[in-house]
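Following: one structure in structure tokens, then a few remarks.
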Amino acid sequence: MKILFLGDVMGRSGRRAISENLPRLRKDWKLDFVVVNGENATSGMGLSGLHAKTLLDAGADCLTLGDHAFDQKDMLSFIEQEQRIIRPLNFSKNAPGKGARLFTAQNGRKVLVVQALGQVFMKRPFDDPFSALEPVLKTHPLGGLASAVIVDIHCEATSEKMAMGHWCDGRASLVVGTHTHVPTSDAMVLPGGTAYLTDAGMCGDYHSVIGMEKTEPLRRFITGMPKDRFTPANDEATLSGVYIETDDRTGKATRIVPVRQGGKLQQSAP
């Protein structure tokens, strides 16, 4: 299978980049399945139902969220209606929606997508992501009902993401980090056959402070005092993420390539 994962969509520029480029990439790269992390797509804070539809209509098969999952209040009800949206598995026992779901790819194969939140340096004390993932991975063995397994680990600490990658090695096709908005250069296939990348980066304007227009973040760093709200930067976005290919029989990864398309970052493609 040919799978594309795109990192955190940041505001209007990120949504525009998805709408303008994803349909072409699906065709040119012959993609079987596309996952997009959309948790910052609405004004940089959460995802609205309207903007979720925009990303899905552009060609995403699944949207993942994150710690801002329900910042847009309509997502509380919209996620129950739209099964192509995944919220973090360990967000809250009372949260609406699901943290894992089995999807059917365009080639008819089944793909499990699961997301978990990390604990290190996060503002809220989320449940342990490892114990939350264990029963899901155990009941969906790679190469069985699930031809591919994708784990989105949404957290601050690179160490926690790396630990998750090694812990999932051989049980997932891809473990990819999201949340920090900065793409890392450690794309690799681990010994057990799991493709790994510490952070996919963001789909947003990189002439910014992790996607936000520079003026207010700089003021706060320099003076220690807030003045205005953060607003997403709105120049041309870079689509950032990762492309993998998997073995149809085992579900293990055979290839991984970082993706950076458009905007200001050095370009990378399969």
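Naming works like this for the structure tokens: A, B, ... for the chains as they're shown, residue 1 at the start of each chain, ligands 1 onward in shown order.
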Exercise. So which residues touch segment 36-40 of chain A within 10 Å, counting only C-alpha atoms, skipping near sequence neighbours fewer than 2 positions away, as an MDAnalysis selection string?
Worked result: chainID A and resid 4:12 14:15 18 34 42:48 51:52 55:56 59:72 85:87 115 152 154 178:179 200 202:204 211 232 241
Based on the selection just made, write N, CA and C atoms of those residues as a short mmCIF file (atom, residue, chain, number, x, y, z; two decimals), in the first residue's frame.
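Saved the output as out23.cif:
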data_model
loop_
_atom_site.label_atom_id
_atom_site.label_comp_id
_atom_site.auth_asym_id
_atom_site.auth_seq_id
_atom_site.Cartn_x
_atom_site.Cartn_y
_atom_site.Cartn_z
N LEU A 4 -0.05 8.17 2.78
CA LEU A 4 0.46 9.50 3.08
C LEU A 4 -0.13 9.98 4.40
N PHE A 5 0.74 10.48 5.27
CA PHE A 5 0.30 11.11 6.52
C PHE A 5 0.77 12.55 6.50
N LEU A 6 -0.16 13.49 6.70
CA LEU A 6 0.19 14.91 6.73
C LEU A 6 0.00 15.46 8.13
N GLY A 7 0.99 16.26 8.59
CA GLY A 7 1.00 16.78 9.94
C GLY A 7 0.01 17.90 10.17
N ASP A 8 0.02 18.43 11.38
CA ASP A 8 -0.97 19.39 11.87
C ASP A 8 -1.29 20.50 10.86
N VAL A 9 -2.53 20.55 10.42
CA VAL A 9 -2.98 21.62 9.53
C VAL A 9 -3.16 22.88 10.36
N MET A 10 -2.51 23.96 9.93
CA MET A 10 -2.48 25.18 10.72
C MET A 10 -3.23 26.30 10.02
N GLY A 11 -4.44 26.60 10.48
CA GLY A 11 -5.20 27.75 10.02
C GLY A 11 -5.55 27.73 8.54
N ARG A 12 -5.87 28.93 8.05
CA ARG A 12 -6.35 29.07 6.68
C ARG A 12 -5.31 28.66 5.64
N GLY A 14 -2.95 26.45 5.90
CA GLY A 14 -2.85 25.01 5.86
C GLY A 14 -4.03 24.37 5.15
N ARG A 15 -5.23 24.87 5.45
CA ARG A 15 -6.42 24.33 4.76
C ARG A 15 -6.33 24.57 3.26
N ILE A 18 -3.94 22.12 1.63
CA ILE A 18 -4.55 20.79 1.49
C ILE A 18 -5.52 20.77 0.31
N VAL A 34 -4.93 8.20 2.93
CA VAL A 34 -4.37 9.47 3.38
C VAL A 34 -4.94 9.82 4.76
N THR A 42 -8.66 25.19 12.43
CA THR A 42 -9.59 26.30 12.62
C THR A 42 -8.97 27.35 13.54
N SER A 43 -8.48 28.43 12.93
CA SER A 43 -7.87 29.53 13.67
C SER A 43 -6.71 29.09 14.56
N GLY A 44 -6.09 27.97 14.22
CA GLY A 44 -4.97 27.46 14.99
C GLY A 44 -5.35 26.73 16.26
N MET A 45 -6.64 26.61 16.55
CA MET A 45 -7.10 26.01 17.81
C MET A 45 -8.28 25.10 17.54
N GLY A 46 -8.04 23.83 17.32
CA GLY A 46 -9.12 22.88 17.11
C GLY A 46 -9.55 22.78 15.66
N LEU A 47 -10.64 22.07 15.46
CA LEU A 47 -11.18 21.80 14.13
C LEU A 47 -12.70 21.92 14.18
N SER A 48 -13.25 22.75 13.31
CA SER A 48 -14.71 22.88 13.21
C SER A 48 -15.26 21.84 12.24
N HIS A 51 -14.66 22.99 8.59
CA HIS A 51 -13.30 22.81 8.09
C HIS A 51 -12.92 21.34 8.00
N ALA A 52 -13.52 20.50 8.83
CA ALA A 52 -13.32 19.06 8.68
C ALA A 52 -13.83 18.60 7.32
N LEU A 55 -11.31 19.42 4.54
CA LEU A 55 -10.17 18.51 4.47
C LEU A 55 -10.58 17.14 3.91
N LEU A 56 -11.73 16.66 4.31
CA LEU A 56 -12.21 15.37 3.80
C LEU A 56 -12.54 15.45 2.32
N GLY A 59 -9.66 15.04 -0.05
CA GLY A 59 -9.09 13.72 -0.30
C GLY A 59 -8.57 12.99 0.91
N ALA A 60 -8.72 13.53 2.12
CA ALA A 60 -8.31 12.80 3.32
C ALA A 60 -9.29 11.66 3.59
N ASP A 61 -8.76 10.49 3.90
CA ASP A 61 -9.59 9.36 4.27
C ASP A 61 -9.90 9.37 5.76
N CYS A 62 -9.03 10.01 6.54
CA CYS A 62 -9.19 10.06 7.99
C CYS A 62 -8.55 11.34 8.51
N LEU A 63 -9.18 11.95 9.51
CA LEU A 63 -8.62 13.10 10.20
C LEU A 63 -8.35 12.72 11.65
N THR A 64 -7.15 13.05 12.13
CA THR A 64 -6.85 12.88 13.55
C THR A 64 -6.87 14.26 14.22
N LEU A 65 -7.01 14.26 15.53
CA LEU A 65 -7.10 15.51 16.27
C LEU A 65 -5.91 15.64 17.21
N GLY A 66 -6.12 15.93 18.50
CA GLY A 66 -5.02 16.11 19.44
C GLY A 66 -5.51 16.73 20.72
N ASP A 67 -4.63 17.44 21.44
CA ASP A 67 -5.03 18.01 22.72
C ASP A 67 -6.02 19.16 22.55
N HIS A 68 -6.12 19.73 21.34
CA HIS A 68 -7.11 20.77 21.05
C HIS A 68 -8.37 20.17 20.39
N ALA A 69 -8.59 18.89 20.59
CA ALA A 69 -9.65 18.18 19.87
C ALA A 69 -11.00 18.87 19.91
N PHE A 70 -11.38 19.40 21.07
CA PHE A 70 -12.72 19.96 21.23
C PHE A 70 -12.70 21.44 21.56
N ASP A 71 -11.65 22.14 21.13
CA ASP A 71 -11.63 23.60 21.28
C ASP A 71 -12.76 24.26 20.50
N GLN A 72 -13.10 23.69 19.35
CA GLN A 72 -14.26 24.15 18.58
C GLN A 72 -15.46 23.31 19.04
N ILE A 85 -13.32 10.91 11.55
CA ILE A 85 -12.53 11.73 12.46
C ILE A 85 -12.20 10.91 13.70
N ILE A 86 -10.90 10.92 14.06
CA ILE A 86 -10.41 10.18 15.23
C ILE A 86 -9.91 11.18 16.26
N ARG A 87 -10.38 11.05 17.49
CA ARG A 87 -9.82 11.87 18.58
C ARG A 87 -8.85 10.99 19.36
N GLN A 115 -4.88 7.10 17.51
CA GLN A 115 -4.12 8.24 18.00
C GLN A 115 -4.08 8.22 19.53
N ASP A 152 -0.69 7.69 15.36
CA ASP A 152 -0.37 9.11 15.50
C ASP A 152 -0.13 9.37 16.98
N HIS A 154 0.68 12.05 19.58
CA HIS A 154 0.57 13.51 19.64
C HIS A 154 1.12 13.99 20.97
N THR A 178 3.12 13.97 16.07
CA THR A 178 2.54 15.27 15.70
C THR A 178 2.59 16.17 16.94
N HIS A 179 2.18 17.43 16.76
CA HIS A 179 2.00 18.40 17.84
C HIS A 179 3.03 19.52 17.85
N ALA A 200 5.93 14.87 12.12
CA ALA A 200 5.58 15.10 10.72
C ALA A 200 5.67 16.56 10.32
N MET A 202 4.12 20.57 10.29
CA MET A 202 2.77 21.12 10.10
C MET A 202 2.50 21.41 8.64
N CYS A 203 1.26 21.49 8.31
CA CYS A 203 0.83 22.03 7.02
C CYS A 203 0.44 23.48 7.30
N GLY A 204 1.41 24.36 7.15
CA GLY A 204 1.19 25.76 7.50
C GLY A 204 2.32 26.63 7.01
N GLY A 211 3.74 28.37 13.24
CA GLY A 211 2.47 28.57 12.56
C GLY A 211 1.73 29.83 12.92
N PRO A 232 -2.95 32.71 13.30
CA PRO A 232 -2.14 31.93 12.37
C PRO A 232 -1.54 32.78 11.26
N GLY A 241 4.78 16.11 6.00
CA GLY A 241 4.30 14.81 6.45
C GLY A 241 5.25 13.70 6.08
#
For this session: Excluding Val113 of chain A and any residue of its chain fewer than 5 positions from it, enumerate the residues within 6 Å of it, using only C-alpha atoms, and give them as a list in words.
Result: Ala100, Arg101 and Ile150 of chain A
Exercise. Per DSSP on the backbone, what are the helix (DSSP H, G or I) residues of segment 41-263 of chain A, as a ChimeraX atom specification?
Worked result: /A:49-57,75-81,129-139,158-168,215-223
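Within the 6 Å cut-off around Asp32 of chain A, using only C-alpha atoms and omitting residues fewer than 3 positions from it on the same chain, the listed residues are Lys2, Ile3, Ala105 and Gln106 of chain A.
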Write to file, as a PDB file, in the first residue's frame, the residues of the selection just made, with N, CA and C atoms.
ATOM      1  N   LYS A   2       0.332   2.314  -0.571  1.00  0.00           N
ATOM      2  CA  LYS A   2       0.981   3.622  -0.562  1.00  0.00           C
ATOM      3  C   LYS A   2       0.165   4.556   0.315  1.00  0.00           C
ATOM      4  N   ILE A   3       0.788   5.018   1.395  1.00  0.00           N
ATOM      5  CA  ILE A   3       0.075   5.772   2.438  1.00  0.00           C
ATOM      6  C   ILE A   3       0.760   7.118   2.655  1.00  0.00           C
ATOM      7  N   ALA A 105      -9.494   1.182   2.696  1.00  0.00           N
ATOM      8  CA  ALA A 105      -8.739   1.992   1.746  1.00  0.00           C
ATOM      9  C   ALA A 105      -9.340   1.871   0.351  1.00  0.00           C
ATOM     10  N   GLN A 106      -8.855   2.701  -0.564  1.00  0.00           N
ATOM     11  CA  GLN A 106      -9.386   2.700  -1.927  1.00  0.00           C
ATOM     12  C   GLN A 106      -9.135   1.378  -2.639  1.00  0.00           C
TER      13      GLN A 106
END
For this session: Excluding Gln261 of chain A and any residue of its chain fewer than 2 positions from it, enumerate the residues within 8 Å of it, using only C-alpha atoms, and give them as a list in words.
Result: Thr238, Leu239, Ser240, Val259, Gly263, Leu265, Gln267, Ser268 and Ala269 of chain A
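For Ala146 of chain A, the residues within 8 Å (counting only C-alpha atoms, excluding itself and residues fewer than 6 positions away along the chain) are Leu102, Arg109, Lys110, Val111, Leu112, His140 and Gly251 of chain A.
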Would you mind exporting all heavy atoms of the selected residues as a short mmCIF file (atom, residue, chain, number, x, y, z; two decimals), in the first residue's frame?
data_model
loop_
_atom_site.label_atom_id
_atom_site.label_comp_id
_atom_site.auth_asym_id
_atom_site.auth_seq_id
_atom_site.Cartn_x
_atom_site.Cartn_y
_atom_site.Cartn_z
N LEU A 102 -11.18 1.18 12.24
CA LEU A 102 -10.74 0.43 11.07
C LEU A 102 -11.42 1.00 9.83
O LEU A 102 -12.64 1.10 9.77
CB LEU A 102 -11.11 -1.05 11.24
CG LEU A 102 -10.36 -2.08 10.40
CD1 LEU A 102 -8.88 -2.08 10.75
CD2 LEU A 102 -10.96 -3.46 10.64
N ARG A 109 -8.39 -2.73 1.01
CA ARG A 109 -7.72 -3.25 2.20
C ARG A 109 -8.11 -2.45 3.44
O ARG A 109 -8.48 -1.29 3.34
CB ARG A 109 -6.21 -3.26 2.01
CG ARG A 109 -5.75 -4.21 0.90
CD ARG A 109 -4.24 -4.27 0.79
NE ARG A 109 -3.83 -5.19 -0.27
CZ ARG A 109 -3.68 -6.50 -0.10
NH1 ARG A 109 -3.89 -7.03 1.10
NH2 ARG A 109 -3.30 -7.27 -1.10
N LYS A 110 -7.98 -3.07 4.60
CA LYS A 110 -8.36 -2.44 5.86
C LYS A 110 -7.15 -1.75 6.49
O LYS A 110 -6.04 -2.30 6.51
CB LYS A 110 -8.91 -3.47 6.84
CG LYS A 110 -10.15 -4.20 6.34
CD LYS A 110 -11.35 -3.26 6.20
CE LYS A 110 -12.60 -4.02 5.81
NZ LYS A 110 -13.78 -3.12 5.64
N VAL A 111 -7.39 -0.55 7.00
CA VAL A 111 -6.35 0.25 7.65
C VAL A 111 -6.85 0.67 9.02
O VAL A 111 -7.91 1.30 9.14
CB VAL A 111 -6.00 1.50 6.82
CG1 VAL A 111 -4.92 2.32 7.52
CG2 VAL A 111 -5.53 1.11 5.42
N LEU A 112 -6.09 0.34 10.05
CA LEU A 112 -6.40 0.79 11.40
C LEU A 112 -5.67 2.09 11.66
O LEU A 112 -4.46 2.19 11.46
CB LEU A 112 -5.97 -0.25 12.44
CG LEU A 112 -6.17 0.17 13.91
CD1 LEU A 112 -7.65 0.18 14.27
CD2 LEU A 112 -5.38 -0.74 14.85
N HIS A 140 -5.90 -6.03 16.88
CA HIS A 140 -5.75 -5.76 15.44
C HIS A 140 -4.31 -6.08 15.03
O HIS A 140 -3.52 -5.18 14.71
CB HIS A 140 -6.06 -4.30 15.12
CG HIS A 140 -7.47 -3.91 15.39
ND1 HIS A 140 -7.92 -3.55 16.66
CD2 HIS A 140 -8.56 -3.82 14.57
CE1 HIS A 140 -9.21 -3.25 16.59
NE2 HIS A 140 -9.62 -3.41 15.35
N GLY A 251 1.99 -6.20 6.13
CA GLY A 251 1.63 -4.88 6.63
C GLY A 251 2.82 -4.07 7.10
O GLY A 251 2.67 -2.91 7.51
#
Problem set entry | Nearest residue to Leu197 of chain A from the set A:Pro226, A:Gly144, A:Pro217, A:Pro258 (distances using only C-alpha atoms) | A:Pro258
Exercise. To one decimal place, how far is atom CA of Ala116 of chain A from atom CA of Pro88 of chain A in Å?
Worked result: 4.7 Å
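What separates atom CA of Val114 of chain A from atom CA of His181 of chain A is a distance of 19.4 Å.
Atom to atom, atom CA of Asp248 of chain A and atom CA of Met1 of chain A stand 6.4 Å apart.
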Exercise. Please, which residues of segment 107-268 of chain A, numbered as in this document, come out strand (DSSP E) from DSSP, as a ChimeraX atom specification?
Worked result: /A:110-117,148-154,174-178,188-189,195-197,202-203,239-246,253-261
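For the set A:Arg171, A:His166, A:His207, A:Glu156, the residue with the smallest atom-to-atom gap to Pro135 of chain A is A:Arg171, counting only C-alpha atoms.
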Counting only C-alpha atoms, which residues of segment 124-174 of chain A sit at most 10 Å from some atom of segment 186-193 of chain A, and what is each one's closest atom pair with its distance in Å to one decimal, listed by chain and rising residue number, as CSV?
residue,atom,partner,partner_atom,distance
A:Gly165,CA,A:Leu190,CA,8.2
A:His166,CA,A:Leu190,CA,7.5
A:Cys168,CA,A:Gly192,CA,8.9
A:Asp169,CA,A:Gly192,CA,5.1
A:Gly170,CA,A:Gly192,CA,4.3
A:Arg171,CA,A:Gly192,CA,8.1
A:Ala172,CA,A:Gly193,CA,8.0
A:Ser173,CA,A:Gly193,CA,7.0
A:Leu174,CA,A:Val189,CA,8.8
Serialized selection, N, CA and C atoms, as a compact mmCIF listing (two decimals), in the first residue's frame:
# COMPACT_ATOMS: atom_id res chain seq x y z
N GLY A 165 7.59 4.59 19.25
CA GLY A 165 8.00 3.94 18.01
C GLY A 165 8.61 2.57 18.26
N HIS A 166 9.56 2.50 19.21
CA HIS A 166 10.20 1.22 19.50
C HIS A 166 9.23 0.24 20.14
N CYS A 168 6.07 0.01 19.56
CA CYS A 168 5.14 -0.46 18.52
C CYS A 168 5.84 -1.23 17.40
N ASP A 169 7.17 -1.29 17.42
CA ASP A 169 7.90 -1.88 16.30
C ASP A 169 7.45 -3.32 16.05
N GLY A 170 7.05 -3.57 14.81
CA GLY A 170 6.55 -4.88 14.43
C GLY A 170 5.05 -5.03 14.58
N ARG A 171 4.42 -4.06 15.26
CA ARG A 171 2.97 -4.11 15.46
C ARG A 171 2.23 -3.01 14.72
N ALA A 172 2.96 -2.07 14.14
CA ALA A 172 2.36 -0.97 13.38
C ALA A 172 3.14 -0.77 12.09
N SER A 173 2.44 -0.31 11.06
CA SER A 173 3.11 0.02 9.81
C SER A 173 3.83 1.36 9.93
N LEU A 174 3.22 2.30 10.68
CA LEU A 174 3.77 3.64 10.84
C LEU A 174 3.47 4.17 12.24
Problem set entry | Option closest in space to Ile153 of chain A, from A:Asn107, A:Asn90, A:Ser185, A:Ser19 [counting only C-alpha atoms] |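 Among the listed residues, the smallest separation from Ile153 of chain A belongs to A:Asn90.
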Exercise. Hey, which of A:Val149, A:Ala237, A:Cys155, A:Met164 ends up closest to Lys252 of chain A? Count only C-alpha atoms.
Worked result: A:Val149
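Distances to Leu89 of chain A were evaluated for A:Phe221, A:Lys53, A:Lys73, A:Phe130 using only C-alpha atoms, and the minimum falls at A:Phe130.
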